[in-house]
$ cat work15.txt   # compact mmCIF, C-alpha atoms
# COMPACT_ATOMS: atom_id res chain seq x y z
CA MET A 659 114.91 24.31 112.58
CA ILE A 660 114.75 24.92 116.32
CA GLY A 661 111.80 27.32 116.46
CA LEU A 662 113.65 30.62 116.87
CA GLN A 663 112.92 33.83 114.99
CA HIS A 664 115.88 36.03 114.13
CA PRO A 665 115.61 39.79 113.57
CA LEU A 666 116.47 40.12 109.88
CA ILE A 667 115.31 42.68 107.34
CA PRO A 668 115.01 42.09 103.58
CA VAL A 669 116.94 44.65 101.54
CA HIS A 670 117.16 45.22 97.79
CA HIS A 671 120.75 44.59 96.69
CA GLN A 672 122.12 45.32 93.23
CA TYR A 673 125.34 44.47 91.48
CA ASP A 674 126.65 44.83 87.94
CA VAL A 675 128.40 42.34 85.68
CA THR A 676 130.66 43.55 82.86
CA SER A 677 131.42 42.17 79.44
CA SER A 678 134.69 40.35 78.81
CA ILE A 679 137.79 42.46 79.50
CA PRO A 680 140.79 41.57 77.27
CA GLU A 681 143.33 42.53 79.96
CA LEU A 682 141.60 40.25 82.42
CA LYS A 683 141.27 37.42 79.93
CA ALA A 684 145.04 37.59 79.30
CA LEU A 685 145.88 36.99 82.97
CA LYS A 686 147.00 33.51 83.98
CA ARG A 687 145.37 33.71 87.41
CA GLU A 688 142.15 34.93 89.00
CA LEU A 689 142.14 38.39 90.56
CA PRO A 690 141.63 38.71 94.32
CA VAL A 691 138.39 40.19 95.61
CA ILE A 692 138.56 43.93 96.24
CA ARG A 693 136.57 45.33 99.16
CA ASN A 694 136.85 49.11 99.17
CA LEU A 695 135.29 50.33 102.38
CA GLU A 696 136.03 53.99 101.59
CA GLY A 697 134.40 53.83 98.16
CA LEU A 698 131.79 51.49 99.60
CA TYR A 699 131.92 48.79 96.94
CA TYR A 700 133.23 45.31 96.30
CA LEU A 701 134.62 43.96 93.05
CA ARG A 702 135.58 40.46 91.94
CA GLN A 703 136.34 38.55 88.80
CA GLU A 704 133.38 36.96 87.03
CA ARG A 705 134.73 34.72 84.25
CA ASP A 706 136.55 37.13 81.89
CA GLY A 707 134.78 40.20 83.25
CA LEU A 708 134.12 41.83 86.60
CA LEU A 709 131.26 41.87 89.05
CA PHE A 710 130.89 44.88 91.31
CA GLY A 711 128.32 46.13 93.75
CA PRO A 712 127.79 48.66 96.53
CA TYR A 713 127.92 48.66 100.27
CA GLU A 714 124.98 51.01 100.65
CA SER A 715 124.52 53.23 103.67
CA GLN A 716 121.50 52.62 105.87
CA GLU A 717 119.92 55.82 104.55
CA LYS A 718 120.09 54.63 100.92
CA MET A 719 119.12 51.00 101.42
CA LYS A 720 115.74 50.06 100.07
CA LEU A 721 113.73 47.70 102.27
CA GLN A 722 111.22 45.25 100.90
CA ASP A 723 108.61 46.69 103.27
CA SER A 724 105.82 44.24 102.49
CA TRP A 725 108.12 41.35 103.46
CA VAL A 726 108.83 42.99 106.82
CA THR A 727 105.13 43.17 107.67
CA HIS A 728 103.77 40.08 105.84
CA GLY A 729 106.80 37.81 105.33
CA VAL A 730 108.23 36.47 102.09
CA PRO A 731 105.44 35.65 99.65
CA PRO A 732 104.63 31.95 99.34
CA GLY A 733 106.31 30.52 96.27
CA PHE A 734 109.00 33.20 96.03
CA GLY A 735 112.02 31.62 94.38
CA LYS A 736 114.81 33.41 92.61
CA GLU A 737 112.82 36.28 91.16
CA LEU A 738 114.61 39.59 90.75
CA PHE A 739 113.59 43.15 91.58
CA GLU A 740 113.65 46.12 89.24
CA SER A 741 117.10 47.70 89.23
CA ASP A 742 117.77 51.33 90.15
CA LEU A 743 121.24 52.33 88.94
CA ASN A 744 120.77 55.95 90.06
CA ARG A 745 120.66 54.73 93.66
CA ILE A 746 124.12 53.11 93.36
CA MET A 747 125.76 55.47 90.85
CA GLU A 748 128.19 56.97 93.38
CA HIS A 749 129.46 53.45 94.10
CA ILE A 750 129.83 52.67 90.39
CA GLU A 751 131.78 55.90 89.88
CA ALA A 752 134.04 55.14 92.86
CA ALA A 753 134.79 51.70 91.41
CA MET A 754 135.57 53.26 88.01
CA GLU A 755 138.05 55.67 89.61
CA MET A 756 139.87 52.89 91.43
CA VAL A 757 139.71 50.40 88.53
CA PRO A 758 139.94 52.53 85.34
CA VAL A 759 139.29 49.62 82.96
CA LEU A 760 135.65 49.79 84.15
CA LYS A 761 135.28 53.16 82.38
CA HIS A 762 135.76 51.41 79.02
CA THR A 763 133.85 48.22 79.74
CA ASN A 764 130.19 47.55 79.07
CA ILE A 765 127.85 46.58 81.88
CA ILE A 766 126.00 43.61 80.44
CA ASN A 767 123.78 42.80 83.39
CA THR A 768 122.45 44.42 86.55
CA ILE A 769 121.15 41.99 89.13
CA ALA A 770 118.73 43.27 91.79
CA GLY A 771 117.49 40.84 94.38
CA PRO A 772 116.90 40.37 98.11
CA ILE A 773 119.55 39.95 100.79
CA THR A 774 119.12 40.05 104.55
CA TYR A 775 120.71 42.22 107.19
CA SER A 776 120.18 42.70 110.88
CA PRO A 777 118.15 45.83 111.73
CA ASP A 778 121.28 47.80 112.71
CA ILE A 779 123.17 46.54 109.60
CA LEU A 780 125.82 44.89 111.80
CA PRO A 781 126.47 41.15 111.60
CA MET A 782 125.08 39.00 114.38
CA VAL A 783 127.77 36.51 115.37
CA ARG A 784 127.40 35.20 118.89
CA PRO A 785 126.00 32.42 121.04
CA HIS A 786 122.21 32.57 121.20
CA GLN A 787 120.96 33.28 124.70
CA GLY A 788 118.81 30.56 126.14
CA VAL A 789 119.81 27.78 123.75
CA ARG A 790 122.85 25.76 124.74
CA ASN A 791 125.50 25.21 122.03
CA TYR A 792 123.59 27.27 119.45
CA TRP A 793 125.47 30.05 117.67
CA VAL A 794 124.09 32.70 115.37
CA ALA A 795 126.04 33.95 112.32
CA ILE A 796 123.54 35.96 110.27
CA GLY A 797 122.89 39.38 108.78
CA PHE A 798 125.96 39.67 106.54
CA GLY A 799 127.19 38.42 103.19

$ encode --input "work15.txt" --output "structure tokens"
Amino acid sequence: MIGLQHPLIPVHHQYDVTSSIPELKALKRELPVIRNLEGLYYLRQERDGLLFGPYESQEKMKLQDSWVTHGVPPGFGKELFESDLNRIMEHIEAAMEMVPVLKHTNIINTIAGPITYSPDILPMVRPHQGVRNYWVAIGFG
């Protein structure tokens, strides 16, 4: 909008959605979001099931390299990437240890699509140098 380029990298992100969980369906309120920074995953309620995904380390993240060098392809909309559950299996197992009902619940969908991060994987939240009254809050979800 104002002609600035921000240093963001496109990363493949995956998350899983489970089938309906009777114990969850019986609750009268929505569960809070769980962010487990030791197990490196997040988990939240998705209708009567759960949605959970990893916080991948920089070494395991998969960049969309062609987008870094050539930009997002013209016409790209909400297409998805091919999933790779082996890459996030340690995160899935950590979530199953912390939330045992996941061990007995079916994963009905794995979503794999692009998200953006800053090159050092840290959020960029600060005033932008050289542009008065312009703040940047990018590179995180």

$ atom_distance --input "work15.txt" --atom1 "atom CA of A:Asn764" --atom2 "atom CA of A:Val669"
26.2 Å

$ atom_distance --input "work15.txt" --atom1 "atom CA of A:Thr676" --atom2 "atom CA of A:Ile773"
21.4 Å

$ residues_near_point --input "work15.txt" --point "(129.3, 39.8, 119.4)" --cutoff "12 Å" --atoms "all atoms listed in the file" --output "ChimeraX atom specification"
/A:780-787,793-796

$ residues_around --input "work15.txt" --residues "stretch 735-745 of chain A" --least-positions-apart "3" --cutoff "10 Å" --atoms "all atoms listed in the file" --output "compact mmCIF listing (two decimals) with C-alpha atoms, keeping the file's coordinate frame"
# COMPACT_ATOMS: atom_id res chain seq x y z
CA HIS A 670 117.16 45.22 97.79
CA HIS A 671 120.75 44.59 96.69
CA GLN A 672 122.12 45.32 93.23
CA TYR A 673 125.34 44.47 91.48
CA ASP A 674 126.65 44.83 87.94
CA PRO A 712 127.79 48.66 96.53
CA GLU A 714 124.98 51.01 100.65
CA LYS A 718 120.09 54.63 100.92
CA MET A 719 119.12 51.00 101.42
CA LYS A 720 115.74 50.06 100.07
CA GLN A 722 111.22 45.25 100.90
CA VAL A 730 108.23 36.47 102.09
CA PRO A 731 105.44 35.65 99.65
CA PRO A 732 104.63 31.95 99.34
CA GLU A 748 128.19 56.97 93.38
CA HIS A 749 129.46 53.45 94.10
CA ILE A 750 129.83 52.67 90.39
CA THR A 768 122.45 44.42 86.55
CA ILE A 769 121.15 41.99 89.13
CA ALA A 770 118.73 43.27 91.79
CA GLY A 771 117.49 40.84 94.38
CA PRO A 772 116.90 40.37 98.11

$ closest_residue --input "work15.txt" --among "A:Asn694, A:Gln716, A:Asn791, A:Gln703" --to "A:Ser776" --atoms "only C-alpha atoms"
A:Gln716

$ atom_distance --input "work15.txt" --atom1 "atom CA of A:Lys761" --atom2 "atom CA of A:Glu688"
20.6 Å

$ closest_residue --input "work15.txt" --among "A:Arg705, A:Leu662, A:Leu682, A:Asp723" --to "A:Gly788" --atoms "all atoms listed in the file"
A:Leu662

$ closest_residue --input "work15.txt" --among "A:Ile765, A:Ala752, A:Val759, A:Leu685" --to "A:Leu698" --atoms "all atoms listed in the file"
A:Ala752

$ closest_residue --input "work15.txt" --among "A:Ile746, A:Val789, A:Ile679, A:Ala753" --to "A:Leu701" --atoms "all atoms listed in the file"
A:Ala753

$ residues_around --input "work15.txt" --residues "A:Ile692" --least-positions-apart "5" --cutoff "9 Å" --atoms "only C-alpha atoms" --output "list in words"
Tyr699, Tyr700, Leu701 and Arg702 of chain A

$ write_last_selection --input "work15.txt" --atoms "C-alpha atoms" --output "PDB file, in the frame of the given file"
ATOM      1  CA  TYR A 699     131.920  48.790  96.940  1.00  0.00           C
ATOM      2  CA  TYR A 700     133.230  45.310  96.300  1.00  0.00           C
ATOM      3  CA  LEU A 701     134.620  43.960  93.050  1.00  0.00           C
ATOM      4  CA  ARG A 702     135.580  40.460  91.940  1.00  0.00           C
TER       5      ARG A 702
END

$ closest_residue --input "work15.txt" --among "A:Gly729, A:Gly661, A:Gly707, A:Gly797" --to "A:Lys683" --atoms "only C-alpha atoms"
A:Gly707
